[in-house]
Amino acid sequence: MNILLLQGGARKKGNTAQVLEWVKTELIDLGHDVETVYLHSKNLKGCMGCAKCKEEKDAPGCIQTDDMHDIMEKMIKAQAVVFSSPLYFWGVNAQLKAVIDRTYCLYATAPEHVSLVEGQRQGLLMTGGGPFDNNAAEAFTAFGRMQKYHKAINAAELFVGGCSTPDQMDEGAKDQACEFARKLTDQI
């Protein structure tokens with residue numbers, strides 16, 4: 001399986017990067033082809049809401065010129081995509097949010113609903129200092145709603161909370177990351 005990991009964490013050795021690295025290692029051990037895109041090194045503009053992307057149904061028709069076109073092509077080719085981010089104010093961080101908003105151009109709803117990522121397995125991985133309830137839960141709810149429009153499968157979700165640095169992560173975090181990888185690829 002061709003799998004794309006979108007690394008939204010700013011710190012290359014932070015919590016999100018560490019958990020995503022465990023996921024990547026497990027996916028490779030399971031025999032999958034894995035590519036990681038570090039979003040903080042990319043030029044990502046926010047969606048303008050112009051709907052020019054809806055004029056073409058067979059390709060992402062976004063009129064902006066930035067690194068998102070390359071990321072969208074990678075997303076379209078992938079059988080699974082992991083969206084990862086630290087928790088920022090009850091949601092994903094700005095870099096991942098820009099990517100999510102720009103995926104608007106991956107589907108059309110008129111005259112019929114079509115998606116360039118239909119059937120794709122998608123997962124959300126987040127890390128944060130606090131608990132899941134009344135903190136990260138809302139981000140996961142929003143992510144789950146995105147799959148309806150993507151016509152994708154919400155295959156795996158993981159929140160590793162209660163930590164500010166990788167050394168504060170619970171001992172079970174690595175096991176949870178490996179389980180996330182297996183769920184993403186339907187190898188549970």
# chains A, B, ... in the order shown; residues from 1 in each chain; ligands from 1
$ closest_atom_pairs --of "segment 118-178 of chain A" --to "segment 24-27 of chain A" --cutoff "12 Å" --atoms "only C-alpha atoms" --output "CSV"
residue,atom,partner,partner_atom,distance
A:Lys174,CA,A:Glu26,CA,9.9
A:Asp175,CA,A:Glu26,CA,10.0
A:Gln176,CA,A:Glu26,CA,11.0
A:Ala177,CA,A:Glu26,CA,8.2
A:Cys178,CA,A:Glu26,CA,5.7
$ write_last_selection --atoms "N, CA and C atoms" --output "compact mmCIF listing (two decimals), in the first residue's frame"
# COMPACT_ATOMS: atom_id res chain seq x y z
N LYS A 174 3.92 4.17 22.21
CA LYS A 174 4.49 3.47 21.05
C LYS A 174 3.57 2.33 20.63
N ASP A 175 3.03 1.59 21.58
CA ASP A 175 2.09 0.51 21.25
C ASP A 175 0.84 1.06 20.57
N GLN A 176 0.35 2.20 21.04
CA GLN A 176 -0.82 2.83 20.43
C GLN A 176 -0.51 3.27 19.00
N ALA A 177 0.70 3.76 18.78
CA ALA A 177 1.11 4.18 17.44
C ALA A 177 1.14 2.98 16.48
N CYS A 178 1.66 1.86 16.96
CA CYS A 178 1.71 0.65 16.13
C CYS A 178 0.31 0.13 15.83
$ residues_around --residues "Tyr38 of chain A" --least-positions-apart "4" --cutoff "7 Å" --atoms "only C-alpha atoms" --output "list in words"
Leu6, Gln7 and Gly8 of chain A
$ write_last_selection --atoms "C-alpha atoms" --output "PDB file, in the first residue's frame"
ATOM      1  CA  LEU A   6       1.431  14.593   6.522  1.00  0.00           C
ATOM      2  CA  GLN A   7       3.621  15.737   9.418  1.00  0.00           C
ATOM      3  CA  GLY A   8       2.046  18.920  10.745  1.00  0.00           C
TER       4      GLY A   8
END
$ select_by_dssp --residues "segment 97-164 of chain A" --states "alpha helix (DSSP H)" --output "ChimeraX atom specification"
/A:97-102,137-150
$ closest_residue --among "A:Cys62, A:Glu118, A:Met169, A:Gln187" --to "Gly49 of chain A" --atoms "only C-alpha atoms"
A:Cys62
$ closest_residue --among "A:Ala155, A:Val82, A:Arg102, A:His150" --to "Val19 of chain A" --atoms "only C-alpha atoms"
A:Val82
$ closest_residue --among "A:His69, A:Met126, A:Val23, A:Gln147" --to "Phe180 of chain A" --atoms "only C-alpha atoms"
A:Val23
$ residues_around --residues "Gly61 of chain A" --least-positions-apart "6" --cutoff "9 Å" --atoms "only C-alpha atoms" --output "list in words"
Lys52, Cys53, Lys54, Glu55, Cys105 and Leu106 of chain A
$ write_last_selection --atoms "N, CA and C atoms" --output "tab-separated table (two decimals), in the first residue's frame"
chain	number	residue	atom	x	y	z
A	52	LYS	N	-13.06	28.18	-7.91
A	52	LYS	CA	-12.52	27.91	-9.25
A	52	LYS	C	-12.15	26.43	-9.39
A	53	CYS	N	-11.80	25.81	-8.28
A	53	CYS	CA	-11.40	24.39	-8.29
A	53	CYS	C	-12.56	23.48	-8.68
A	54	LYS	N	-13.77	23.95	-8.56
A	54	LYS	CA	-14.94	23.13	-8.85
A	54	LYS	C	-15.26	23.09	-10.35
A	55	GLU	N	-14.52	23.85	-11.16
A	55	GLU	CA	-14.79	23.90	-12.59
A	55	GLU	C	-14.28	22.66	-13.32
A	105	CYS	N	-10.77	21.11	-3.10
A	105	CYS	CA	-10.69	20.95	-4.56
A	105	CYS	C	-10.57	19.48	-4.98
A	106	LEU	N	-10.59	18.56	-4.05
A	106	LEU	CA	-10.49	17.14	-4.40
A	106	LEU	C	-11.85	16.49	-4.64
$ atom_distance --atom1 "atom CA of Leu44 of chain A" --atom2 "atom CA of Met72 of chain A"
11.6 Å
$ atom_distance --atom1 "atom CA of Asp133 of chain A" --atom2 "atom CA of Glu157 of chain A"
14.3 Å
$ closest_residue --among "A:Gly128, A:Pro166, A:Gly14, A:Gly119" --to "Ala152 of chain A" --atoms "only C-alpha atoms"
A:Gly119
$ closest_residue --among "A:Val81, A:Cys47, A:Val34, A:Val160" --to "Asn15 of chain A" --atoms "only C-alpha atoms"
A:Val160
$ residues_around --residues "Asn43 of chain A" --least-positions-apart "3" --cutoff "10 Å" --atoms "only C-alpha atoms" --output "list in words"
Leu39, His40, Thr65, Asp66, Asp67, Met68 and Gln95 of chain A
$ write_last_selection --atoms "N, CA and C atoms" --output "mmCIF file, in the first residue's frame"
data_model
loop_
_atom_site.group_PDB
_atom_site.id
_atom_site.type_symbol
_atom_site.label_atom_id
_atom_site.label_comp_id
_atom_site.auth_asym_id
_atom_site.auth_seq_id
_atom_site.Cartn_x
_atom_site.Cartn_y
_atom_site.Cartn_z
ATOM 1 N N LEU A 39 5.160 19.483 6.679
ATOM 2 C CA LEU A 39 4.381 20.632 6.214
ATOM 3 C C LEU A 39 5.014 21.982 6.531
ATOM 4 N N HIS A 40 5.792 22.075 7.611
ATOM 5 C CA HIS A 40 6.375 23.373 7.984
ATOM 6 C C HIS A 40 7.443 23.839 7.009
ATOM 7 N N THR A 65 -0.717 29.169 -6.605
ATOM 8 C CA THR A 65 0.588 28.572 -6.901
ATOM 9 C C THR A 65 1.381 28.487 -5.601
ATOM 10 N N ASP A 66 1.457 27.267 -5.084
ATOM 11 C CA ASP A 66 2.234 26.983 -3.887
ATOM 12 C C ASP A 66 2.531 25.486 -3.880
ATOM 13 N N ASP A 67 2.990 24.978 -2.759
ATOM 14 C CA ASP A 67 3.376 23.566 -2.674
ATOM 15 C C ASP A 67 2.190 22.620 -2.526
ATOM 16 N N MET A 68 0.997 23.138 -2.388
ATOM 17 C CA MET A 68 -0.163 22.282 -2.181
ATOM 18 C C MET A 68 -0.472 21.419 -3.393
ATOM 19 N N GLN A 95 -0.811 24.797 9.661
ATOM 20 C CA GLN A 95 -0.287 24.150 8.463
ATOM 21 C C GLN A 95 -1.206 23.011 8.015
#
$ select_by_dssp --residues "chain A" --states "strand (DSSP E or B)" --output "PyMOL selection string"
chain A and resi 2-7+33-38+80-86+88+91+107-108+114-115+121-127+153-160
$ residues_around --residues "Arg121 of chain A" --least-positions-apart "4" --cutoff "12 Å" --atoms "only C-alpha atoms" --output "MDAnalysis selection string"
chainID A and resid 1:5 75:83 117 144 147 150:157 181:186
$ write_last_selection --atoms "C-alpha atoms" --output "PDB file, in the first residue's frame"
ATOM      1  CA  MET A   1       0.000   0.000   0.000  1.00  0.00           C
ATOM      2  CA  ASN A   2       1.205   3.515  -0.856  1.00  0.00           C
ATOM      3  CA  ILE A   3       0.861   5.656   2.289  1.00  0.00           C
ATOM      4  CA  LEU A   4       1.348   9.411   2.709  1.00  0.00           C
ATOM      5  CA  LEU A   5       2.121  10.872   6.131  1.00  0.00           C
ATOM      6  CA  MET A  75      -2.719  12.437  -1.793  1.00  0.00           C
ATOM      7  CA  ILE A  76      -4.534  11.331  -4.940  1.00  0.00           C
ATOM      8  CA  LYS A  77      -1.956   8.583  -5.602  1.00  0.00           C
ATOM      9  CA  ALA A  78      -1.958   7.305  -1.998  1.00  0.00           C
ATOM     10  CA  GLN A  79      -4.172   4.479  -0.782  1.00  0.00           C
ATOM     11  CA  ALA A  80      -3.917   5.884   2.753  1.00  0.00           C
ATOM     12  CA  VAL A  81      -3.127   9.311   4.216  1.00  0.00           C
ATOM     13  CA  VAL A  82      -2.284  10.200   7.815  1.00  0.00           C
ATOM     14  CA  PHE A  83      -3.036  13.759   8.886  1.00  0.00           C
ATOM     15  CA  VAL A 117      -9.755  10.301  -3.096  1.00  0.00           C
ATOM     16  CA  GLY A 144     -14.621  12.471  10.814  1.00  0.00           C
ATOM     17  CA  GLN A 147     -14.566  11.862   5.186  1.00  0.00           C
ATOM     18  CA  HIS A 150     -13.840  13.023   0.552  1.00  0.00           C
ATOM     19  CA  LYS A 151     -15.847   9.791   0.194  1.00  0.00           C
ATOM     20  CA  ALA A 152     -12.966   8.346   2.200  1.00  0.00           C
ATOM     21  CA  ILE A 153     -12.744   5.852   5.041  1.00  0.00           C
ATOM     22  CA  ASN A 154     -11.979   7.157   8.519  1.00  0.00           C
ATOM     23  CA  ALA A 155      -9.652   4.228   9.180  1.00  0.00           C
ATOM     24  CA  ALA A 156      -7.727   5.211  12.319  1.00  0.00           C
ATOM     25  CA  GLU A 157      -7.625   7.856  15.028  1.00  0.00           C
ATOM     26  CA  ALA A 181      -0.702   1.877  11.815  1.00  0.00           C
ATOM     27  CA  ARG A 182      -2.333  -1.558  11.707  1.00  0.00           C
ATOM     28  CA  LYS A 183      -5.860  -0.031  11.814  1.00  0.00           C
ATOM     29  CA  LEU A 184      -4.944   2.410   9.046  1.00  0.00           C
ATOM     30  CA  THR A 185      -3.972  -0.498   6.803  1.00  0.00           C
ATOM     31  CA  ASP A 186      -6.762  -2.797   8.034  1.00  0.00           C
TER      32      ASP A 186
END
